[in-house]
Amino acid sequence: MSGLRDGLEQWARARGDEAVARLDSTEPATRDAIGSRRKRRMALIAGSTIAAIAGAAAVAAAQPQPLTIPTVDNPSLDLATFTCGEEWTLEPGQTSRIPGADYYFDEPDGDWQVTSDDDTTTTEVDQFTAGYGTVSWEGELRVKAAVLPRATIVVVKDGLIQGSFEEEFTRNYSFDDPNLRTWTPYPGTCGTAATTMPSGEYAFHLVIQVERVDDGEPVVTFVDPSGATKVTIDGLEAWGESTIEPHPAELREPVGDEYQAFVVPYPEGLGSCTPLHDLRALGAPDENAPQYTVTIPGVQDLTNAMWTGSPVVISNEPVDEWYINDQAMLVADYSGNMAQPAVWWSEDGTTLGTDGGQFDVFGGGCEPIEVLEPIGGAVFLVIDGVDWTSLWGANADSDQTSQGGIQTWVYLGQAS
Amino acid sequence: MGDRPDVVAEVYRHALPRLGAYAHMLTGDPEAADALVQAAIVKFGARRRRVSDAAHAEAAVRAEIRTIHIATLRRRFRRTRVKQSPALPDVVAGQSASATPADEVAGALATLTPRVRAVVAMYYWEDLAVAEIASAMRVSEGTVRGLLDEGRTALAPLLGNDDEPERLAIMDVRS
(Lines give C-alpha, C1' and ligand atoms only; values in the text may rest on other atoms or scores of the structure.)
Protein backbone atom coordinates (compact mmCIF):
# COMPACT_ATOMS: atom_id res chain seq x y z
CA MET A 1 0.00 0.00 0.00
CA SER A 2 1.19 3.50 -0.70
CA GLY A 3 -0.38 6.34 1.24
CA LEU A 4 1.28 8.71 -1.16
CA ARG A 5 -0.22 7.06 -4.22
CA ASP A 6 -3.67 6.82 -2.68
CA GLY A 7 -3.57 10.41 -1.51
CA LEU A 8 -2.48 11.69 -4.89
CA GLU A 9 -5.12 9.67 -6.70
CA GLN A 10 -7.84 10.89 -4.38
CA TRP A 11 -6.78 14.48 -4.88
CA ALA A 12 -6.44 14.10 -8.64
CA ARG A 13 -9.84 12.45 -9.11
CA ALA A 14 -11.50 15.43 -7.47
CA ARG A 15 -9.57 17.74 -9.79
CA GLY A 16 -10.71 15.62 -12.71
CA ASP A 17 -14.34 16.12 -11.77
CA GLU A 18 -13.74 19.84 -11.61
CA ALA A 19 -12.10 19.72 -15.02
CA VAL A 20 -15.19 18.09 -16.51
CA ALA A 21 -17.31 20.98 -15.30
CA ARG A 22 -14.99 23.43 -17.03
CA LEU A 23 -14.21 21.46 -20.18
CA ASP A 24 -17.57 19.91 -21.00
CA SER A 25 -18.74 23.01 -22.84
CA THR A 26 -15.58 23.18 -24.96
CA GLU A 27 -16.41 20.20 -27.16
CA PRO A 28 -17.76 22.30 -30.09
CA ALA A 29 -14.69 24.54 -30.02
CA THR A 30 -12.44 21.49 -29.91
CA ARG A 31 -14.23 20.01 -32.93
CA ASP A 32 -13.76 23.27 -34.81
CA ALA A 33 -10.07 23.27 -33.97
CA ILE A 34 -9.73 19.67 -35.14
CA GLY A 35 -11.47 20.54 -38.40
CA SER A 36 -9.23 23.54 -39.02
CA ARG A 37 -6.11 21.56 -38.30
CA ARG A 38 -7.18 18.78 -40.63
CA LYS A 39 -7.87 21.26 -43.42
CA ARG A 40 -4.44 22.81 -43.03
CA ARG A 41 -2.83 19.40 -43.10
CA MET A 42 -4.75 18.27 -46.16
CA ALA A 43 -3.95 21.52 -47.98
CA LEU A 44 -0.30 20.98 -47.20
CA ILE A 45 -0.34 17.37 -48.30
CA ALA A 46 -2.18 18.19 -51.52
CA GLY A 47 0.27 20.99 -52.27
CA SER A 48 3.21 18.74 -51.63
CA THR A 49 1.81 16.11 -53.91
CA ILE A 50 1.41 18.50 -56.83
CA ALA A 51 4.87 19.90 -56.31
CA ALA A 52 6.54 16.56 -55.92
CA ILE A 53 4.51 14.32 -58.11
CA ALA A 54 7.23 11.77 -57.90
CA GLY A 55 6.05 8.42 -56.90
CA ALA A 56 3.54 6.36 -55.12
CA ALA A 57 4.84 7.32 -51.73
CA ALA A 58 3.76 10.92 -52.06
CA VAL A 59 0.44 9.87 -53.50
CA ALA A 60 -0.12 7.58 -50.56
CA ALA A 61 0.56 10.45 -48.18
CA ALA A 62 -2.19 12.48 -49.86
CA GLN A 63 -4.99 10.06 -49.18
CA PRO A 64 -7.52 11.39 -46.72
CA GLN A 65 -8.03 8.04 -45.05
CA PRO A 66 -5.44 5.61 -43.74
CA LEU A 67 -4.61 2.94 -46.27
CA THR A 68 -3.86 -0.66 -45.63
CA ILE A 69 -0.18 -0.76 -46.34
CA PRO A 70 0.41 -2.79 -49.51
CA THR A 71 2.42 -5.96 -49.45
CA VAL A 72 5.70 -5.79 -51.35
CA ASP A 73 8.75 -7.97 -51.68
CA ASN A 74 11.58 -6.02 -50.14
CA PRO A 75 14.71 -7.90 -49.16
CA SER A 76 15.46 -8.74 -45.56
CA LEU A 77 17.25 -5.79 -43.99
CA ASP A 78 19.93 -5.05 -41.51
CA LEU A 79 18.93 -1.55 -40.53
CA ALA A 80 22.51 -0.63 -39.74
CA THR A 81 23.75 -1.31 -43.26
CA PHE A 82 22.29 1.51 -45.32
CA THR A 83 25.35 2.99 -46.93
CA CYS A 84 25.72 6.54 -48.11
CA GLY A 85 26.28 6.75 -51.84
CA GLU A 86 24.36 3.59 -52.63
CA GLU A 87 21.10 3.52 -54.55
CA TRP A 88 17.78 3.64 -52.71
CA THR A 89 15.87 0.66 -54.03
CA LEU A 90 13.20 -0.23 -51.49
CA GLU A 91 9.54 -0.23 -52.43
CA PRO A 92 6.99 1.41 -50.16
CA GLY A 93 4.94 -1.22 -48.40
CA GLN A 94 5.22 -4.03 -45.89
CA THR A 95 7.06 -7.33 -46.15
CA SER A 96 6.20 -10.09 -43.71
CA ARG A 97 9.11 -12.22 -42.61
CA ILE A 98 7.23 -14.95 -40.79
CA PRO A 99 3.81 -16.54 -41.18
CA GLY A 100 1.12 -14.81 -39.16
CA ALA A 101 3.22 -11.69 -38.71
CA ASP A 102 0.17 -9.48 -38.32
CA TYR A 103 -0.58 -11.21 -35.02
CA TYR A 104 2.15 -9.10 -33.45
CA PHE A 105 1.02 -5.57 -34.23
CA ASP A 106 -1.33 -3.18 -35.92
CA GLU A 107 -0.01 -1.34 -38.94
CA PRO A 108 1.92 1.84 -38.15
CA ASP A 109 0.34 5.18 -38.89
CA GLY A 110 1.89 8.61 -38.55
CA ASP A 111 3.16 11.85 -40.05
CA TRP A 112 6.35 13.54 -41.00
CA GLN A 113 6.89 16.85 -39.30
CA VAL A 114 9.45 19.57 -38.83
CA THR A 115 10.50 20.67 -35.37
CA SER A 116 12.09 24.08 -35.08
CA ASP A 117 14.83 24.88 -32.62
CA ASP A 118 12.36 26.07 -30.00
CA ASP A 119 10.56 22.70 -30.08
CA THR A 120 7.66 24.04 -32.13
CA THR A 121 6.45 21.16 -34.22
CA THR A 122 4.44 21.44 -37.39
CA THR A 123 3.52 19.38 -40.40
CA GLU A 124 3.18 22.54 -42.44
CA VAL A 125 6.81 23.26 -43.22
CA ASP A 126 8.57 21.88 -46.27
CA GLN A 127 11.68 24.02 -45.88
CA PHE A 128 13.98 24.98 -43.04
CA THR A 129 17.53 26.10 -42.44
CA ALA A 130 20.06 23.61 -41.13
CA GLY A 131 20.74 24.13 -37.45
CA TYR A 132 17.31 25.62 -36.87
CA GLY A 133 15.11 22.62 -37.33
CA THR A 134 14.91 18.93 -37.88
CA VAL A 135 12.60 16.45 -39.55
CA SER A 136 10.97 13.76 -37.48
CA TRP A 137 8.37 11.08 -37.97
CA GLU A 138 5.75 10.72 -35.30
CA GLY A 139 3.08 8.09 -35.30
CA GLU A 140 1.93 5.00 -33.58
CA LEU A 141 2.38 1.28 -33.75
CA ARG A 142 0.32 -0.80 -31.36
CA VAL A 143 2.01 -4.06 -30.49
CA LYS A 144 0.25 -7.17 -29.26
CA ALA A 145 3.22 -9.31 -28.36
CA ALA A 146 6.82 -9.15 -27.30
CA VAL A 147 8.27 -7.35 -30.28
CA LEU A 148 10.64 -4.44 -30.62
CA PRO A 149 10.16 -1.88 -33.36
CA ARG A 150 13.37 -0.40 -34.72
CA ALA A 151 13.61 2.29 -37.31
CA THR A 152 15.99 3.91 -39.70
CA ILE A 153 15.44 7.20 -41.43
CA VAL A 154 17.16 7.29 -44.79
CA VAL A 155 17.86 10.55 -46.59
CA VAL A 156 17.91 10.31 -50.38
CA LYS A 157 18.83 12.74 -53.15
CA ASP A 158 18.74 11.90 -56.83
CA GLY A 159 18.10 8.27 -55.97
CA LEU A 160 21.21 7.91 -53.85
CA ILE A 161 21.35 7.47 -50.09
CA GLN A 162 22.85 10.57 -48.49
CA GLY A 163 22.22 9.84 -44.83
CA SER A 164 20.92 7.19 -42.47
CA PHE A 165 20.46 6.88 -38.80
CA GLU A 166 19.18 3.87 -36.94
CA GLU A 167 17.12 4.30 -33.81
CA GLU A 168 15.03 2.22 -31.53
CA PHE A 169 11.74 3.95 -31.05
CA THR A 170 11.81 3.26 -27.38
CA ARG A 171 13.75 0.89 -25.21
CA ASN A 172 10.97 -0.04 -22.86
CA TYR A 173 8.09 -0.58 -25.16
CA SER A 174 4.73 -0.26 -23.52
CA PHE A 175 1.66 -2.05 -24.73
CA ASP A 176 -0.66 0.83 -23.81
CA ASP A 177 1.44 3.57 -25.35
CA PRO A 178 1.58 3.13 -29.10
CA ASN A 179 3.26 6.46 -29.78
CA LEU A 180 6.46 6.42 -31.79
CA ARG A 181 8.78 9.23 -32.62
CA THR A 182 12.06 9.19 -34.40
CA TRP A 183 14.37 11.96 -35.54
CA THR A 184 16.17 12.29 -38.81
CA PRO A 185 19.76 13.02 -39.57
CA TYR A 186 20.80 15.90 -41.73
CA PRO A 187 22.00 14.85 -45.16
CA GLY A 188 25.59 13.69 -44.88
CA THR A 189 25.09 12.00 -41.52
CA CYS A 190 25.85 8.34 -42.07
CA GLY A 191 25.75 6.48 -38.78
CA THR A 192 28.15 8.40 -36.57
CA ALA A 193 30.16 9.84 -39.44
CA ALA A 194 29.26 13.13 -41.06
CA THR A 195 30.18 15.05 -44.16
CA THR A 196 28.98 18.36 -45.53
CA MET A 197 26.25 18.14 -48.17
CA PRO A 198 24.89 20.84 -50.47
CA SER A 199 21.64 22.63 -49.65
CA GLY A 200 18.60 21.52 -51.62
CA GLU A 201 15.62 19.20 -51.60
CA TYR A 202 16.01 15.82 -49.97
CA ALA A 203 13.61 12.90 -49.63
CA PHE A 204 13.19 11.31 -46.22
CA HIS A 205 12.24 7.64 -46.04
CA LEU A 206 11.21 5.70 -42.96
CA VAL A 207 12.02 2.02 -42.56
CA ILE A 208 10.50 0.23 -39.57
CA GLN A 209 11.47 -3.30 -38.76
CA VAL A 210 9.63 -5.15 -36.03
CA GLU A 211 11.73 -7.80 -34.34
CA ARG A 212 10.82 -10.55 -31.89
CA VAL A 213 12.28 -9.80 -28.49
CA ASP A 214 13.21 -13.36 -27.65
CA ASP A 215 15.34 -14.14 -30.69
CA GLY A 216 15.73 -10.85 -32.56
CA GLU A 217 14.20 -12.33 -35.69
CA PRO A 218 12.51 -9.78 -37.98
CA VAL A 219 8.74 -10.16 -38.07
CA VAL A 220 7.88 -7.53 -40.62
CA THR A 221 9.51 -4.65 -42.46
CA PHE A 222 7.61 -1.46 -43.27
CA VAL A 223 9.02 0.96 -45.82
CA ASP A 224 7.45 4.42 -45.85
CA PRO A 225 4.24 3.30 -44.12
CA SER A 226 2.84 6.82 -44.35
CA GLY A 227 4.67 7.85 -47.49
CA ALA A 228 8.00 9.57 -47.93
CA THR A 229 8.41 13.30 -47.56
CA LYS A 230 10.49 15.87 -49.37
CA VAL A 231 11.98 18.82 -47.56
CA THR A 232 14.26 21.58 -48.78
CA ILE A 233 17.11 22.26 -46.37
CA ASP A 234 19.01 25.51 -46.70
CA GLY A 235 22.31 26.38 -45.11
CA LEU A 236 23.71 22.87 -45.04
CA GLU A 237 27.13 24.07 -46.14
CA ALA A 238 27.42 26.60 -43.32
CA TRP A 239 26.05 24.11 -40.83
CA GLY A 240 28.53 21.49 -41.95
CA GLU A 241 31.40 23.91 -41.77
CA SER A 242 30.48 24.99 -38.26
CA THR A 243 29.64 21.60 -36.83
CA ILE A 244 31.44 18.98 -38.85
CA GLU A 245 34.72 20.72 -39.44
CA PRO A 246 36.10 21.12 -35.94
CA HIS A 247 37.15 24.53 -34.72
CA PRO A 248 37.60 23.86 -31.02
CA ALA A 249 37.54 26.81 -28.69
CA GLU A 250 40.70 27.90 -26.90
CA LEU A 251 40.42 26.75 -23.32
CA ARG A 252 41.24 29.05 -20.41
CA GLU A 253 42.36 27.60 -17.12
CA PRO A 254 40.15 28.28 -14.09
CA VAL A 255 40.84 31.22 -11.84
CA GLY A 256 39.85 30.45 -8.27
CA ASP A 257 36.27 29.21 -8.32
CA GLU A 258 35.52 30.80 -11.69
CA TYR A 259 35.40 28.58 -14.74
CA GLN A 260 35.18 29.19 -18.46
CA ALA A 261 31.81 27.96 -19.73
CA PHE A 262 30.42 27.46 -23.23
CA VAL A 263 26.91 27.20 -24.63
CA VAL A 264 26.78 24.03 -26.70
CA PRO A 265 23.83 22.57 -28.62
CA TYR A 266 22.26 19.44 -27.17
CA PRO A 267 23.72 16.45 -29.04
CA GLU A 268 20.54 15.30 -30.76
CA GLY A 269 20.81 12.32 -32.99
CA LEU A 270 24.39 11.24 -32.59
CA GLY A 271 23.09 7.75 -32.03
CA SER A 272 25.52 6.72 -29.36
CA CYS A 273 25.64 5.77 -25.72
CA THR A 274 28.18 8.56 -25.26
CA PRO A 275 26.82 11.53 -27.22
CA LEU A 276 28.65 14.15 -25.15
CA HIS A 277 31.97 12.41 -25.45
CA ASP A 278 31.36 12.04 -29.18
CA LEU A 279 30.57 15.72 -29.41
CA ARG A 280 33.84 16.58 -27.68
CA ALA A 281 35.66 14.29 -30.12
CA LEU A 282 34.05 16.28 -32.94
CA GLY A 283 35.54 19.49 -31.55
CA ALA A 284 32.99 20.86 -29.11
CA PRO A 285 32.91 23.40 -27.68
CA ASP A 286 33.38 25.36 -30.88
CA GLU A 287 35.36 28.58 -31.03
CA ASN A 288 32.16 30.40 -31.91
CA ALA A 289 30.21 29.03 -28.96
CA PRO A 290 28.93 31.78 -26.64
CA GLN A 291 31.01 31.92 -23.49
CA TYR A 292 30.39 33.04 -19.96
CA THR A 293 31.76 32.38 -16.49
CA VAL A 294 30.38 29.87 -14.02
CA THR A 295 31.27 29.89 -10.35
CA ILE A 296 31.73 26.48 -8.73
CA PRO A 297 33.24 26.34 -5.26
CA GLY A 298 35.25 23.35 -4.10
CA VAL A 299 36.13 21.51 -7.32
CA GLN A 300 38.42 18.59 -6.44
CA ASP A 301 41.48 17.27 -8.28
CA LEU A 302 40.51 15.96 -11.72
CA THR A 303 41.37 12.28 -11.46
CA ASN A 304 39.91 8.87 -12.17
CA ALA A 305 38.35 8.93 -8.74
CA MET A 306 35.68 11.34 -9.98
CA TRP A 307 34.60 8.72 -12.45
CA THR A 308 34.19 6.10 -9.77
CA GLY A 309 32.36 7.84 -6.98
CA SER A 310 34.59 10.46 -5.41
CA PRO A 311 32.98 13.88 -5.29
CA VAL A 312 33.69 16.37 -8.04
CA VAL A 313 32.85 19.19 -5.66
CA ILE A 314 33.17 19.42 -1.89
CA SER A 315 32.01 22.77 -0.61
CA ASN A 316 32.14 24.05 2.95
CA GLU A 317 28.86 25.86 2.40
CA PRO A 318 25.78 24.65 0.49
CA VAL A 319 26.15 25.75 -3.11
CA ASP A 320 23.35 28.09 -4.13
CA GLU A 321 23.80 28.50 -7.86
CA TRP A 322 21.51 28.24 -10.88
CA TYR A 323 22.78 24.77 -11.84
CA ILE A 324 22.01 22.98 -8.59
CA ASN A 325 18.95 21.09 -9.87
CA ASP A 326 20.14 20.52 -13.41
CA GLN A 327 21.20 17.20 -14.81
CA ALA A 328 24.97 17.15 -15.25
CA MET A 329 27.64 14.85 -16.61
CA LEU A 330 31.41 14.69 -16.78
CA VAL A 331 33.30 14.53 -20.06
CA ALA A 332 37.04 14.22 -20.55
CA ASP A 333 39.13 14.12 -23.70
CA TYR A 334 40.34 10.65 -22.74
CA SER A 335 38.26 8.70 -20.32
CA GLY A 336 38.89 5.08 -21.07
CA ASN A 337 35.74 3.16 -21.54
CA MET A 338 33.44 5.26 -19.40
CA ALA A 339 32.90 8.42 -21.32
CA GLN A 340 30.33 10.48 -19.46
CA PRO A 341 29.22 9.56 -15.96
CA ALA A 342 26.25 11.45 -14.55
CA VAL A 343 26.75 13.52 -11.43
CA TRP A 344 24.28 15.16 -9.09
CA TRP A 345 24.27 17.27 -5.99
CA SER A 346 23.81 15.97 -2.50
CA GLU A 347 20.62 16.97 -0.74
CA ASP A 348 22.46 19.47 1.43
CA GLY A 349 24.01 21.11 -1.63
CA THR A 350 27.61 20.62 -0.53
CA THR A 351 28.87 17.85 -2.78
CA LEU A 352 28.58 16.91 -6.43
CA GLY A 353 29.46 13.44 -7.61
CA THR A 354 28.47 10.13 -9.08
CA ASP A 355 26.78 7.45 -7.03
CA GLY A 356 29.65 5.02 -7.26
CA GLY A 357 30.41 4.91 -10.92
CA GLN A 358 27.03 3.95 -12.31
CA PHE A 359 27.05 4.54 -16.03
CA ASP A 360 24.32 6.91 -16.99
CA VAL A 361 23.35 8.49 -20.27
CA PHE A 362 20.53 10.60 -21.62
CA GLY A 363 18.21 7.93 -22.78
CA GLY A 364 19.51 4.93 -20.87
CA GLY A 365 19.87 1.63 -22.60
CA CYS A 366 23.63 1.26 -22.36
CA GLU A 367 25.43 -1.37 -20.40
CA PRO A 368 27.19 -0.39 -17.15
CA ILE A 369 30.96 -0.61 -17.49
CA GLU A 370 33.95 -0.16 -15.25
CA VAL A 371 36.63 2.46 -15.59
CA LEU A 372 39.77 0.65 -16.64
CA GLU A 373 41.89 3.46 -18.00
CA PRO A 374 42.94 6.81 -16.57
CA ILE A 375 41.16 9.93 -17.69
CA GLY A 376 43.18 12.61 -19.41
CA GLY A 377 43.10 15.93 -21.23
CA ALA A 378 40.43 18.56 -20.78
CA VAL A 379 37.65 17.79 -18.32
CA PHE A 380 34.22 19.36 -18.65
CA LEU A 381 31.19 19.44 -16.41
CA VAL A 382 28.24 19.47 -18.80
CA ILE A 383 25.13 21.04 -17.28
CA ASP A 384 21.76 20.61 -18.93
CA GLY A 385 20.92 24.30 -18.74
CA VAL A 386 22.21 27.82 -19.22
CA ASP A 387 22.47 30.75 -16.83
CA TRP A 388 20.81 33.27 -19.10
CA THR A 389 21.36 36.15 -16.72
CA SER A 390 25.11 35.67 -16.78
CA LEU A 391 25.14 35.05 -20.51
CA TRP A 392 22.94 37.88 -21.68
CA GLY A 393 22.92 40.21 -18.72
CA ALA A 394 20.08 41.22 -16.49
CA ASN A 395 17.99 42.38 -19.43
CA ALA A 396 17.71 38.95 -21.00
CA ASP A 397 14.29 38.56 -22.48
CA SER A 398 12.37 35.64 -23.81
CA ASP A 399 13.27 36.34 -27.43
CA GLN A 400 16.95 36.17 -26.67
CA THR A 401 16.57 33.00 -24.68
CA SER A 402 14.19 31.06 -26.85
CA GLN A 403 16.73 28.73 -28.38
CA GLY A 404 16.05 25.22 -27.23
CA GLY A 405 18.34 22.24 -26.93
CA ILE A 406 21.40 23.78 -25.38
CA GLN A 407 23.73 23.00 -22.51
CA THR A 408 26.56 24.61 -20.61
CA TRP A 409 29.97 23.00 -20.86
CA VAL A 410 32.10 24.12 -17.92
CA TYR A 411 35.82 23.65 -18.47
CA LEU A 412 37.15 22.34 -15.15
CA GLY A 413 40.78 22.10 -16.25
CA GLN A 414 43.22 19.38 -17.32
CA ALA A 415 43.09 15.95 -15.74
CA SER A 416 45.90 15.30 -13.31
CA MET B 1 -15.62 3.72 -33.18
CA GLY B 2 -14.05 4.22 -36.55
CA ASP B 3 -15.49 7.67 -37.20
CA ARG B 4 -13.25 10.21 -35.56
CA PRO B 5 -15.99 12.66 -34.37
CA ASP B 6 -17.55 9.83 -32.40
CA VAL B 7 -14.21 9.10 -30.88
CA VAL B 8 -13.88 12.70 -29.79
CA ALA B 9 -17.35 12.46 -28.28
CA GLU B 10 -16.34 9.29 -26.47
CA VAL B 11 -13.27 11.01 -25.08
CA TYR B 12 -15.41 13.90 -23.88
CA ARG B 13 -18.08 11.63 -22.44
CA HIS B 14 -15.96 9.08 -20.63
CA ALA B 15 -12.31 10.05 -20.38
CA LEU B 16 -12.41 13.72 -19.45
CA PRO B 17 -12.17 13.26 -15.66
CA ARG B 18 -9.08 11.09 -15.91
CA LEU B 19 -7.44 13.22 -18.57
CA GLY B 20 -8.24 16.40 -16.65
CA ALA B 21 -6.83 14.92 -13.47
CA TYR B 22 -3.65 13.86 -15.21
CA ALA B 23 -3.16 17.24 -16.85
CA HIS B 24 -3.80 19.03 -13.56
CA MET B 25 -1.24 16.87 -11.77
CA LEU B 26 1.27 17.51 -14.55
CA THR B 27 0.82 21.25 -14.69
CA GLY B 28 -0.29 22.06 -11.16
CA ASP B 29 -2.64 24.63 -12.60
CA PRO B 30 -6.29 24.14 -13.64
CA GLU B 31 -6.22 26.61 -16.52
CA ALA B 32 -3.03 25.19 -17.94
CA ALA B 33 -4.47 21.71 -17.48
CA ASP B 34 -7.61 22.58 -19.44
CA ALA B 35 -5.55 24.03 -22.27
CA LEU B 36 -3.32 20.97 -22.27
CA VAL B 37 -6.26 18.56 -22.47
CA GLN B 38 -7.83 20.51 -25.32
CA ALA B 39 -4.55 20.73 -27.23
CA ALA B 40 -4.06 16.99 -26.86
CA ILE B 41 -7.58 16.17 -28.07
CA VAL B 42 -7.15 18.49 -31.07
CA LYS B 43 -3.79 16.96 -31.95
CA PHE B 44 -5.18 13.47 -31.58
CA GLY B 45 -8.38 14.28 -33.47
CA ALA B 46 -6.58 15.85 -36.40
CA ARG B 47 -4.40 12.83 -37.01
CA ARG B 48 -7.09 10.50 -38.34
CA ARG B 49 -5.39 7.61 -36.68
CA ARG B 50 -7.11 4.31 -36.44
CA VAL B 51 -8.53 3.64 -32.99
CA SER B 52 -10.09 0.40 -31.95
CA ASP B 53 -11.99 1.47 -28.87
CA ALA B 54 -12.52 4.21 -26.32
CA ALA B 55 -9.69 2.95 -24.14
CA HIS B 56 -7.32 3.17 -27.09
CA ALA B 57 -8.47 6.73 -27.77
CA GLU B 58 -8.00 7.70 -24.14
CA ALA B 59 -4.51 6.18 -24.10
CA ALA B 60 -3.63 8.07 -27.26
CA VAL B 61 -4.88 11.40 -25.87
CA ARG B 62 -3.05 10.72 -22.60
CA ALA B 63 0.15 10.12 -24.55
CA GLU B 64 -0.42 13.37 -26.46
CA ILE B 65 -0.83 15.18 -23.14
CA ARG B 66 2.48 13.78 -21.98
CA THR B 67 4.28 14.59 -25.22
CA ILE B 68 3.00 18.16 -25.39
CA HIS B 69 3.77 18.80 -21.74
CA ILE B 70 7.31 17.45 -21.93
CA ALA B 71 7.98 19.55 -25.03
CA THR B 72 6.65 22.58 -23.17
CA LEU B 73 8.86 21.83 -20.20
CA ARG B 74 11.95 21.60 -22.35
CA ARG B 75 11.17 24.97 -23.91
CA ARG B 76 10.39 26.60 -20.60
CA PHE B 77 13.40 25.19 -18.82
CA ARG B 78 15.84 26.33 -21.41
CA ARG B 79 14.33 29.79 -21.39
CA THR B 80 14.39 30.31 -17.67
CA ARG B 81 17.43 28.53 -16.38
CA VAL B 82 18.28 31.11 -13.82
CA LYS B 83 18.59 30.89 -10.10
CA GLN B 84 15.12 30.93 -8.74
CA SER B 85 13.22 30.05 -5.65
CA PRO B 86 9.83 28.73 -6.63
CA ALA B 87 7.21 31.06 -5.30
CA LEU B 88 4.89 29.36 -2.93
CA PRO B 89 1.26 29.59 -3.95
CA ASP B 90 -1.06 31.63 -1.80
CA VAL B 91 -2.64 28.58 -0.29
CA VAL B 92 0.68 27.51 1.14
CA ALA B 93 1.92 30.94 2.02
CA GLY B 94 -1.24 31.54 3.97
CA GLN B 95 -1.42 28.16 5.71
CA SER B 96 -4.68 29.34 7.14
CA ALA B 97 -6.72 27.23 9.46
CA SER B 98 -9.36 26.98 6.75
CA ALA B 99 -7.03 25.33 4.24
CA THR B 100 -8.49 21.99 3.18
CA PRO B 101 -6.45 18.85 2.63
CA ALA B 102 -7.01 19.30 -1.10
CA ASP B 103 -5.59 22.82 -0.87
CA GLU B 104 -2.60 21.48 0.95
CA VAL B 105 -1.94 18.82 -1.68
CA ALA B 106 -2.33 21.42 -4.42
CA GLY B 107 0.04 23.67 -2.54
CA ALA B 108 2.59 20.93 -2.08
CA LEU B 109 2.41 20.03 -5.76
CA ALA B 110 2.80 23.68 -6.67
CA THR B 111 6.04 23.89 -4.73
CA LEU B 112 7.57 21.13 -6.84
CA THR B 113 9.61 22.13 -9.84
CA PRO B 114 7.79 21.42 -13.12
CA ARG B 115 10.06 18.50 -13.90
CA VAL B 116 9.55 16.90 -10.50
CA ARG B 117 5.79 17.36 -10.78
CA ALA B 118 5.78 15.82 -14.25
CA VAL B 119 7.70 12.79 -13.04
CA VAL B 120 5.38 12.37 -10.06
CA ALA B 121 2.34 12.55 -12.34
CA MET B 122 3.71 10.10 -14.84
CA TYR B 123 4.75 7.64 -12.14
CA TYR B 124 1.76 7.81 -9.82
CA TRP B 125 -1.08 8.65 -12.19
CA GLU B 126 -0.07 7.24 -15.53
CA ASP B 127 1.69 4.28 -13.89
CA LEU B 128 4.75 4.54 -16.11
CA ALA B 129 7.92 2.82 -14.98
CA VAL B 130 11.07 4.84 -14.32
CA ALA B 131 12.60 3.59 -17.55
CA GLU B 132 9.55 4.63 -19.53
CA ILE B 133 9.55 8.11 -17.98
CA ALA B 134 13.26 8.44 -18.74
CA SER B 135 12.61 7.50 -22.33
CA ALA B 136 9.73 9.98 -22.65
CA MET B 137 11.70 12.83 -21.09
CA ARG B 138 14.94 11.87 -22.81
CA VAL B 139 16.85 11.87 -19.55
CA SER B 140 18.59 9.11 -17.68
CA GLU B 141 16.83 6.72 -15.32
CA GLY B 142 19.02 8.07 -12.54
CA THR B 143 17.71 11.55 -13.17
CA VAL B 144 14.13 10.29 -13.04
CA ARG B 145 14.77 8.49 -9.75
CA GLY B 146 16.30 11.64 -8.32
CA LEU B 147 13.34 13.75 -9.38
CA LEU B 148 10.93 11.14 -8.05
CA ASP B 149 12.69 11.09 -4.69
CA GLU B 150 12.48 14.85 -4.57
CA GLY B 151 8.74 14.68 -5.17
CA ARG B 152 8.21 11.95 -2.60
CA THR B 153 10.15 13.89 0.01
CA ALA B 154 8.05 16.99 -0.59
CA LEU B 155 4.73 15.16 -0.56
CA ALA B 156 5.35 12.63 2.20
CA PRO B 157 4.49 14.95 5.11
CA LEU B 158 1.02 15.39 3.65
CA LEU B 159 0.33 12.06 2.00
CA GLY B 160 2.62 9.59 3.70
CA ASN B 161 5.44 7.52 2.31
CA ASP B 162 5.54 5.31 -0.73
CA ASP B 163 6.40 1.83 0.45
CA GLU B 164 5.87 0.13 -2.89
CA PRO B 165 8.83 -1.39 -4.73
CA GLU B 166 9.81 0.44 -7.89
CA ARG B 167 7.58 -0.54 -10.75
CA LEU B 168 9.31 -2.15 -13.71
CA ALA B 169 8.58 -1.50 -17.33
CA ILE B 170 6.27 -3.96 -19.00
CA MET B 171 9.11 -4.98 -21.21
CA ASP B 172 12.74 -4.12 -20.88
CA VAL B 173 14.27 -5.87 -23.80
CA ARG B 174 17.83 -5.15 -22.81
CA SER B 175 17.66 -6.41 -19.27
# chains A, B, ... in the order shown; residues from 1 in each chain; ligands from 1
$ residues_around --residues "Ala40 (chain B)" --least-positions-apart "6" --cutoff "9 Å" --atoms "only C-alpha atoms" --output "list in words"
Ala60, Val61, Arg62, Ala63, Glu64, Ile65, Arg66, Thr67 and Ile68 of chain B
$ closest_residue --among "A:Leu180, A:Ala101, A:Cys190, A:Leu206" --to "chain B" --atoms "only C-alpha atoms"
A:Leu180
$ residues_around --residues "Gly240 (chain A)" --least-positions-apart "2" --cutoff "12 Å" --atoms "only C-alpha atoms" --output "list of chain:residue names"
A:Thr129, A:Ala130, A:Gly131, A:Tyr186, A:Pro187, A:Gly188, A:Thr189, A:Ala194, A:Thr195, A:Thr196, A:Met197, A:Pro198, A:Ser199, A:Asp234, A:Gly235, A:Leu236, A:Glu237, A:Ala238, A:Ser242, A:Thr243, A:Ile244, A:Glu245, A:Pro246, A:His247, A:Leu282
$ closest_residue --among "A:Val135, A:Leu330, A:Val313, A:Ile34" --to "chain B" --atoms "only C-alpha atoms"
A:Ile34
